[in-house]
Amino acid sequence: MKALMSVGALIGVLGLLMLIGMIFGVVPSNTVRLVEGYMPMQVLSELAVFVAGFTGLSYLANSMGMAFPRFWQGVLFWAFVQMYLKFRIYPPIPFSVRAMYGVVSFVAVFMWVSANEEDWKKFRQPILNVLDANTGFHKALRTMYLILVPLLIGGFSFVTMKPSVDEPIELRTVHPAPPASTKVHGKTYTLQTSQNPYRVNLEGKYDQAYSNKLIVEQGMGRLMAPNANPWDEKAEGYLKYVREGGEIFFQNCHFCHGDNLNGRGLHAFAFNPIPANFTDPGTIAQLQETFIFWRVAKGGIGLPNEGFPWASVMPPWEQHLTTDEIWKVILFEYWHTGYYPRTWD
Amino acid sequence: MGSVTRTKLMSVMALCAMIGLLLMPVLVAIPALASDGGAPAADAKKEGGEAKVEKGKDVYYKTEGIVSGPPAPKTTDSEKDYPRYNFESRVLLWFANQQHLYYGSFVLAVPIFCMIIEFMGVVSKDKALAKRYDQLAYDFIKISLTAYSLTAILGGILIFTFLTLYPAFFQYLSGIFRPVMHIYALMFVAESGTLYIYYYGWDKMKEGFLKWIHLSMSVVLNVIGTILMFLANSWIGFMMSPAGVDEQGRYLGNIWHVIHTALWNPLNLHRILGNMAFGGGVVAAYAAYRFLSAKTDEERAHYDWMGYIAMALGVSFLIPLPFAGYWLMREVYAYRQQMGITLMGGLLAWLFIIQATMIGILFLSTNYYLWQALGRMRGAEKYQRYIKYLVFLLTCGFLVFITPHTIVMTPAELKAMGGQQHPVLGNYGVMSAKNGGINVIITTTVLSFVWYMRGNKVSTVSWSKFGNIFMGCFFFFAYLNIIMLAVYGYYIPANVRVGLSVPQVATTLSCLFFMFALNSVMMKGAKQMGPIEWGKISARSQYALIMLATAFTWMMGLMGYIRSSVRLFWHVNEIMRDNSPWAYTHTVGFAANMISANVLFFWISIMFVFWLGALAAKKAPVEAKAAVPGRAAAPAVGH
């Protein structure tokens, strides 16, 4: 048990030192890389390792008779989580989300330190001491709080009330609800039931299971499935349409959406937000093909009211592409990213 | 033949009369259905000699039916369709509706608790415990009775509000539901009658066979209550996903189609579970309030026990609630993709984040209460030092569960993030991760319950070591399976991903059922480290119960608002347009304030109901007081 805790403590110390190094810019923030695609589990795993490390540290300190006060354990653990979120995770997390996480971690720390009566007494003792202990130190602390608290409140009020030239926060709806149907080149498409006419098997019938087998592998490699190269001259049917969609994509879309469909094209950074990243599991992977069809055909200008603020420069492609071309380009996007369009069956 | 037999005979007759009352509306309705279906054809024959029957196509079932009603009115923004009273009519209706729903839920849930608790008392072999259960059930129904009158008053106010503020809409809706309106009214009469006999017959029917008759009455009461709720649900189901009418909103003669809409069944299930969880929360809060204001140890012991039972009942319905919600949302998406996206990805997405936060609060409060409750058992210390790991698991699940897909940020933050999608948050913001998050939370809650149930006990079965290792491994692999399925969800088609929730839920429920069962077997004849010291629990635990109830109330208000506002500018989705000046979606802030106002009003009024209940208790005769459970020696069992 002791050996296990010692290893835990070592990990805890190393982790802390690295994080402190990152905060002060001594240790490069990519020393332990957060790998795209694996980041979400990596972050949770790192936090778990830290918790194990801190447990080990606490255990060792207790064994050596140098127990760390519970009050400071709680306060510092909460501060650690905030530092981790701010300095470890890249790209930076917006403040609104960090504030949510901050409140949750605060509640979690409270639940931990007050889970039983003994711990709760230990935790609140320093607070009670500040309020009513009669030692010189505590009297001085009280006086300091008496001066500091109003100053802090005043400072906070001042900062809040001060006119700001910062851009206001926006609650931009990423996926506004689509209409029930959309009319493109004179034909009405019901979004709930329409299908991509080019997602077909060798017999020319709509077959998503068939096309699913031919898309590229997800993950960093993005390898093509065996014998499923759309650029093979012999490619027919679905794969041929993917190739045609690819050609349309590279003639029209890649300037903004990028060669890798990750929203980082040549012109991407002229816009804010940059164009949609199709490789992210939160974009086309979440949507029906008909939703993409509607968005491509109608562009930013066709966004409904709830899409406010309409921060999208996506052109209404129905003015430039035929219906068939739009379907084919969508086919290519799903093939390239390795995602499957959403279905409800 | 004596007075006992005569009483039995009278009781059976009373029960039969009640069942007859229950069946009467159904019998009455059968000719009504038949005559309604045939009426237009007959009318048409009479008028024109040659049968001139107009047929229409059902908007949902796609079947043909004879047009049997007028089209949905095309309202205009005028005094006639939307009378004005210098106040936003929608807000008034919102308030009346919400208060009626709160009380309705409460009075439908509490009799179900009474039925369960009374049954536990009847089958209990321990006489003292049986008496405690019986008294508890009686306490519950006493609170419910005052609330019942208030529900009826609020129902009247609601109808009056509808008639006054939205006459055209109400006329149309009541026209559509005309074939079952009288059933609704008769059910209400049957419910009232049964409830009063049930309550006032408590003392007269407290022994032997009569007690079983009394218990059967609670079953009848709950059947009537549930049918009432299903009928009320058919109204909102129709407004969200209309069926049984053609495109113009004309009734096609099949009332079953009107009732059995795409969302009716998921709504029914969700509401039953929701009402039960809510009812448990309110009673637990009542007990917590009485605990905190108690003057004696006996009182504290009684209300501590009452709070625990109410919480346990409420939470047992809370655990399956997210799965019922998931089914409802799945049906919403299947019905209209547009509606689903408006709810979870679009306009109302932020309200769903608030809802996720509320769900998290519910589970956190429950766990916290259980950890505090470990403190009143000797021998539970061994579990307390591991609580921090449960906190970690709960927090990770909670953080993932509340991560928004649509993030509030400044354009500068958006730029710094390098696009709308964050590589970490983006993954947490979608359903696959959230399913993992909530299942981790629920599994951890199950684990807390298991710890609580074995808190003061040491298993004495010969295979206890193996049993403990097996349980540990079971939970470990359950967590592993839930997390792996959540990750796997990113690599498969969406329709398969949706199906992944089934093995995840199955994993969580396996923990619940198998581990509870195994734990019970292991703890049979276990060595007790000490009794449960009812009343010796921290005040924080009681605040956790109050928090639980408040979060339930707030979440009910929120979800009601979300469900209602997803129709956007429709009274009846895609059939009858809302042309009032208030047919816009409120801001998140306004909605939150309105929900808070509703919650505040409900709690103030229910405090009044509690006060009335306490007033009656004070006047109880001395001998009745002697039977108050807290005054009896606390039994060793209890959970």
# chains A, B, ... in the order shown; residues from 1 in each chain; ligands from 1

$ closest_atom_pairs --of "chain B" --to "chain A" --cutoff "8 Å" --atoms "only C-alpha atoms" --output "JSON lines"
{"residue": "B:Tyr333", "atom": "CA", "partner": "A:Trp344", "partner_atom": "CA", "distance": 7.9}
{"residue": "B:Ala334", "atom": "CA", "partner": "A:Trp344", "partner_atom": "CA", "distance": 6.2}
{"residue": "B:Arg336", "atom": "CA", "partner": "A:Gln192", "partner_atom": "CA", "distance": 7.1}
{"residue": "B:Gln337", "atom": "CA", "partner": "A:Gln192", "partner_atom": "CA", "distance": 6.4}
{"residue": "B:Gln338", "atom": "CA", "partner": "A:Ala177", "partner_atom": "CA", "distance": 5.2}
{"residue": "B:Met339", "atom": "CA", "partner": "A:Ala177", "partner_atom": "CA", "distance": 7.3}
{"residue": "B:Ile341", "atom": "CA", "partner": "A:Ala177", "partner_atom": "CA", "distance": 5.1}
{"residue": "B:Thr342", "atom": "CA", "partner": "A:Ala177", "partner_atom": "CA", "distance": 5.0}
{"residue": "B:Gly345", "atom": "CA", "partner": "A:His175", "partner_atom": "CA", "distance": 5.6}
{"residue": "B:Gly346", "atom": "CA", "partner": "A:Pro176", "partner_atom": "CA", "distance": 4.6}
{"residue": "B:Leu347", "atom": "CA", "partner": "A:Glu306", "partner_atom": "CA", "distance": 5.8}
{"residue": "B:Tyr368", "atom": "CA", "partner": "A:Met111", "partner_atom": "CA", "distance": 6.8}
{"residue": "B:Trp371", "atom": "CA", "partner": "A:Ala115", "partner_atom": "CA", "distance": 6.1}
{"residue": "B:Gln372", "atom": "CA", "partner": "A:Ala115", "partner_atom": "CA", "distance": 6.2}
{"residue": "B:Gly375", "atom": "CA", "partner": "A:Asn116", "partner_atom": "CA", "distance": 6.6}
{"residue": "B:Gln384", "atom": "CA", "partner": "A:Asn116", "partner_atom": "CA", "distance": 7.0}
{"residue": "B:Ile387", "atom": "CA", "partner": "A:Trp112", "partner_atom": "CA", "distance": 7.1}
{"residue": "B:Lys388", "atom": "CA", "partner": "A:Trp112", "partner_atom": "CA", "distance": 5.6}
{"residue": "B:Val391", "atom": "CA", "partner": "A:Ala108", "partner_atom": "CA", "distance": 6.3}
{"residue": "B:Phe392", "atom": "CA", "partner": "A:Ala108", "partner_atom": "CA", "distance": 7.7}
{"residue": "B:Thr395", "atom": "CA", "partner": "A:Ala108", "partner_atom": "CA", "distance": 6.4}
{"residue": "B:Cys396", "atom": "CA", "partner": "A:Leu44", "partner_atom": "CA", "distance": 7.3}
{"residue": "B:Phe398", "atom": "CA", "partner": "A:Val104", "partner_atom": "CA", "distance": 8.0}
{"residue": "B:Leu399", "atom": "CA", "partner": "A:Tyr101", "partner_atom": "CA", "distance": 6.5}
{"residue": "B:Thr403", "atom": "CA", "partner": "A:Val97", "partner_atom": "CA", "distance": 7.3}
{"residue": "B:Pro404", "atom": "CA", "partner": "A:Val97", "partner_atom": "CA", "distance": 7.9}
{"residue": "B:His405", "atom": "CA", "partner": "A:Val174", "partner_atom": "CA", "distance": 7.8}
{"residue": "B:Thr406", "atom": "CA", "partner": "A:Val174", "partner_atom": "CA", "distance": 5.8}
{"residue": "B:Ile407", "atom": "CA", "partner": "A:Leu171", "partner_atom": "CA", "distance": 6.7}
{"residue": "B:Val408", "atom": "CA", "partner": "A:Leu171", "partner_atom": "CA", "distance": 4.9}
{"residue": "B:Met409", "atom": "CA", "partner": "A:Ile169", "partner_atom": "CA", "distance": 5.0}
{"residue": "B:Thr410", "atom": "CA", "partner": "A:Ile169", "partner_atom": "CA", "distance": 4.1}
{"residue": "B:Pro411", "atom": "CA", "partner": "A:Glu167", "partner_atom": "CA", "distance": 6.7}
{"residue": "B:Ala412", "atom": "CA", "partner": "A:Glu167", "partner_atom": "CA", "distance": 7.6}
{"residue": "B:Glu413", "atom": "CA", "partner": "A:Pro94", "partner_atom": "CA", "distance": 5.9}
{"residue": "B:Leu414", "atom": "CA", "partner": "A:Pro273", "partner_atom": "CA", "distance": 6.3}
{"residue": "B:Lys415", "atom": "CA", "partner": "A:Asn272", "partner_atom": "CA", "distance": 6.1}
{"residue": "B:Ala416", "atom": "CA", "partner": "A:Pro92", "partner_atom": "CA", "distance": 6.9}
{"residue": "B:Met417", "atom": "CA", "partner": "A:Pro91", "partner_atom": "CA", "distance": 5.1}
{"residue": "B:Gly418", "atom": "CA", "partner": "A:Ile274", "partner_atom": "CA", "distance": 6.9}
{"residue": "B:Gly419", "atom": "CA", "partner": "A:Ile274", "partner_atom": "CA", "distance": 4.9}
{"residue": "B:Gln420", "atom": "CA", "partner": "A:Pro273", "partner_atom": "CA", "distance": 6.1}
{"residue": "B:Gln421", "atom": "CA", "partner": "A:Asp280", "partner_atom": "CA", "distance": 6.9}
{"residue": "B:His422", "atom": "CA", "partner": "A:Pro91", "partner_atom": "CA", "distance": 7.2}
{"residue": "B:Pro423", "atom": "CA", "partner": "A:Glu36", "partner_atom": "CA", "distance": 6.7}
{"residue": "B:Val424", "atom": "CA", "partner": "A:Pro40", "partner_atom": "CA", "distance": 4.9}
{"residue": "B:Leu425", "atom": "CA", "partner": "A:Pro40", "partner_atom": "CA", "distance": 7.5}
{"residue": "B:Gly426", "atom": "CA", "partner": "A:Gly282", "partner_atom": "CA", "distance": 6.0}
{"residue": "B:Asn427", "atom": "CA", "partner": "A:Pro40", "partner_atom": "CA", "distance": 6.6}
{"residue": "B:Tyr428", "atom": "CA", "partner": "A:Pro40", "partner_atom": "CA", "distance": 7.2}
{"residue": "B:Gly429", "atom": "CA", "partner": "A:Gly282", "partner_atom": "CA", "distance": 7.6}
{"residue": "B:Val430", "atom": "CA", "partner": "A:Gly282", "partner_atom": "CA", "distance": 6.4}
{"residue": "B:Tyr490", "atom": "CA", "partner": "A:Pro281", "partner_atom": "CA", "distance": 6.9}
{"residue": "B:Tyr491", "atom": "CA", "partner": "A:Gln218", "partner_atom": "CA", "distance": 7.0}
{"residue": "B:Ile492", "atom": "CA", "partner": "A:Tyr340", "partner_atom": "CA", "distance": 7.2}
{"residue": "B:Pro493", "atom": "CA", "partner": "A:Tyr340", "partner_atom": "CA", "distance": 4.9}
{"residue": "B:Ala494", "atom": "CA", "partner": "A:Arg342", "partner_atom": "CA", "distance": 4.9}
{"residue": "B:Asn495", "atom": "CA", "partner": "A:Thr343", "partner_atom": "CA", "distance": 5.5}
{"residue": "B:Ser538", "atom": "CA", "partner": "A:Glu117", "partner_atom": "CA", "distance": 7.7}

$ atom_distance --atom1 "CA of Glu574 in chain B" --atom2 "CA of Glu54 in chain B"
21.7 Å

$ atom_distance --atom1 "CA of Cys16 in chain B" --atom2 "CA of Glu191 in chain B"
14.7 Å

$ atom_distance --atom1 "CA of Gln248 in chain B" --atom2 "CA of Ile66 in chain B"
13.3 Å

$ residues_around --residues "Arg178 in chain B" --least-positions-apart "5" --cutoff "12 Å" --atoms "only C-alpha atoms" --output "ChimeraX atom specification"
/B:29,32-33,36,68-69,170-173,183-185,235,251,253-255,258-259

$ write_last_selection --atoms "N, CA, C and O atoms" --output "PDB file, in the first residue's frame"
ATOM      1  N   ALA B  29     -68.837   5.977 -22.715  1.00  0.00           N
ATOM      2  CA  ALA B  29     -68.090   6.467 -23.879  1.00  0.00           C
ATOM      3  C   ALA B  29     -68.297   5.610 -25.110  1.00  0.00           C
ATOM      4  O   ALA B  29     -68.198   6.092 -26.226  1.00  0.00           O
ATOM      5  N   ALA B  32     -70.967   6.757 -27.266  1.00  0.00           N
ATOM      6  CA  ALA B  32     -70.574   8.100 -27.715  1.00  0.00           C
ATOM      7  C   ALA B  32     -69.626   8.004 -28.890  1.00  0.00           C
ATOM      8  O   ALA B  32     -69.736   8.735 -29.873  1.00  0.00           O
ATOM      9  N   LEU B  33     -68.682   7.051 -28.813  1.00  0.00           N
ATOM     10  CA  LEU B  33     -67.716   6.883 -29.905  1.00  0.00           C
ATOM     11  C   LEU B  33     -68.431   6.466 -31.176  1.00  0.00           C
ATOM     12  O   LEU B  33     -68.193   6.995 -32.248  1.00  0.00           O
ATOM     13  N   ASP B  36     -70.528   9.227 -32.624  1.00  0.00           N
ATOM     14  CA  ASP B  36     -69.715  10.291 -33.202  1.00  0.00           C
ATOM     15  C   ASP B  36     -69.186   9.920 -34.577  1.00  0.00           C
ATOM     16  O   ASP B  36     -69.167  10.703 -35.499  1.00  0.00           O
ATOM     17  N   SER B  68     -65.380  15.128 -39.633  1.00  0.00           N
ATOM     18  CA  SER B  68     -66.432  15.194 -38.612  1.00  0.00           C
ATOM     19  C   SER B  68     -66.374  16.468 -37.776  1.00  0.00           C
ATOM     20  O   SER B  68     -66.986  16.528 -36.710  1.00  0.00           O
ATOM     21  N   GLY B  69     -65.618  17.401 -38.197  1.00  0.00           N
ATOM     22  CA  GLY B  69     -65.535  18.619 -37.400  1.00  0.00           C
ATOM     23  C   GLY B  69     -65.084  19.795 -38.234  1.00  0.00           C
ATOM     24  O   GLY B  69     -64.641  19.621 -39.376  1.00  0.00           O
ATOM     25  N   PHE B 170     -59.214  27.402 -27.316  1.00  0.00           N
ATOM     26  CA  PHE B 170     -59.818  26.462 -26.370  1.00  0.00           C
ATOM     27  C   PHE B 170     -61.065  25.810 -26.965  1.00  0.00           C
ATOM     28  O   PHE B 170     -61.315  24.626 -26.767  1.00  0.00           O
ATOM     29  N   GLN B 171     -61.808  26.627 -27.713  1.00  0.00           N
ATOM     30  CA  GLN B 171     -63.023  26.089 -28.338  1.00  0.00           C
ATOM     31  C   GLN B 171     -62.665  24.982 -29.337  1.00  0.00           C
ATOM     32  O   GLN B 171     -63.307  23.934 -29.377  1.00  0.00           O
ATOM     33  N   TYR B 172     -61.615  25.232 -30.098  1.00  0.00           N
ATOM     34  CA  TYR B 172     -61.193  24.233 -31.085  1.00  0.00           C
ATOM     35  C   TYR B 172     -60.739  22.942 -30.392  1.00  0.00           C
ATOM     36  O   TYR B 172     -61.178  21.847 -30.745  1.00  0.00           O
ATOM     37  N   LEU B 173     -59.894  23.102 -29.381  1.00  0.00           N
ATOM     38  CA  LEU B 173     -59.334  21.927 -28.699  1.00  0.00           C
ATOM     39  C   LEU B 173     -60.426  21.126 -27.982  1.00  0.00           C
ATOM     40  O   LEU B 173     -60.445  19.890 -28.059  1.00  0.00           O
ATOM     41  N   ILE B 183     -65.696  11.839 -20.064  1.00  0.00           N
ATOM     42  CA  ILE B 183     -64.947  10.796 -19.336  1.00  0.00           C
ATOM     43  C   ILE B 183     -64.002  11.474 -18.351  1.00  0.00           C
ATOM     44  O   ILE B 183     -63.884  11.070 -17.192  1.00  0.00           O
ATOM     45  N   TYR B 184     -63.364  12.509 -18.842  1.00  0.00           N
ATOM     46  CA  TYR B 184     -62.425  13.257 -17.998  1.00  0.00           C
ATOM     47  C   TYR B 184     -63.148  13.771 -16.750  1.00  0.00           C
ATOM     48  O   TYR B 184     -62.677  13.598 -15.622  1.00  0.00           O
ATOM     49  N   ALA B 185     -64.311  14.378 -16.983  1.00  0.00           N
ATOM     50  CA  ALA B 185     -65.067  14.952 -15.856  1.00  0.00           C
ATOM     51  C   ALA B 185     -65.515  13.847 -14.891  1.00  0.00           C
ATOM     52  O   ALA B 185     -65.365  13.981 -13.663  1.00  0.00           O
ATOM     53  N   TRP B 235     -53.972  15.821 -24.518  1.00  0.00           N
ATOM     54  CA  TRP B 235     -54.132  17.209 -25.003  1.00  0.00           C
ATOM     55  C   TRP B 235     -52.787  17.770 -25.449  1.00  0.00           C
ATOM     56  O   TRP B 235     -52.656  18.293 -26.541  1.00  0.00           O
ATOM     57  N   TYR B 251     -61.505  17.188 -37.510  1.00  0.00           N
ATOM     58  CA  TYR B 251     -61.570  15.904 -36.817  1.00  0.00           C
ATOM     59  C   TYR B 251     -62.101  14.839 -37.770  1.00  0.00           C
ATOM     60  O   TYR B 251     -63.066  15.065 -38.486  1.00  0.00           O
ATOM     61  N   GLY B 253     -63.110  11.677 -36.930  1.00  0.00           N
ATOM     62  CA  GLY B 253     -64.021  10.698 -36.357  1.00  0.00           C
ATOM     63  C   GLY B 253     -63.381   9.589 -35.549  1.00  0.00           C
ATOM     64  O   GLY B 253     -64.080   8.747 -35.004  1.00  0.00           O
ATOM     65  N   ASN B 254     -62.057   9.552 -35.457  1.00  0.00           N
ATOM     66  CA  ASN B 254     -61.415   8.495 -34.685  1.00  0.00           C
ATOM     67  C   ASN B 254     -60.707   9.108 -33.466  1.00  0.00           C
ATOM     68  O   ASN B 254     -59.593   9.620 -33.577  1.00  0.00           O
ATOM     69  N   ILE B 255     -61.381   9.050 -32.315  1.00  0.00           N
ATOM     70  CA  ILE B 255     -60.840   9.723 -31.121  1.00  0.00           C
ATOM     71  C   ILE B 255     -59.560   9.035 -30.626  1.00  0.00           C
ATOM     72  O   ILE B 255     -58.691   9.668 -30.040  1.00  0.00           O
ATOM     73  N   VAL B 258     -56.678  10.654 -32.144  1.00  0.00           N
ATOM     74  CA  VAL B 258     -56.418  11.975 -31.542  1.00  0.00           C
ATOM     75  C   VAL B 258     -55.652  11.804 -30.230  1.00  0.00           C
ATOM     76  O   VAL B 258     -54.733  12.573 -29.925  1.00  0.00           O
ATOM     77  N   ILE B 259     -56.040  10.792 -29.476  1.00  0.00           N
ATOM     78  CA  ILE B 259     -55.385  10.566 -28.176  1.00  0.00           C
ATOM     79  C   ILE B 259     -54.006   9.937 -28.351  1.00  0.00           C
ATOM     80  O   ILE B 259     -53.017  10.396 -27.793  1.00  0.00           O
TER      81      ILE B 259
END

$ closest_residue --among "A:Glu318, A:Glu233, A:Asp132, A:Glu333" --to "Arg295 in chain A" --atoms "only C-alpha atoms"
A:Glu318
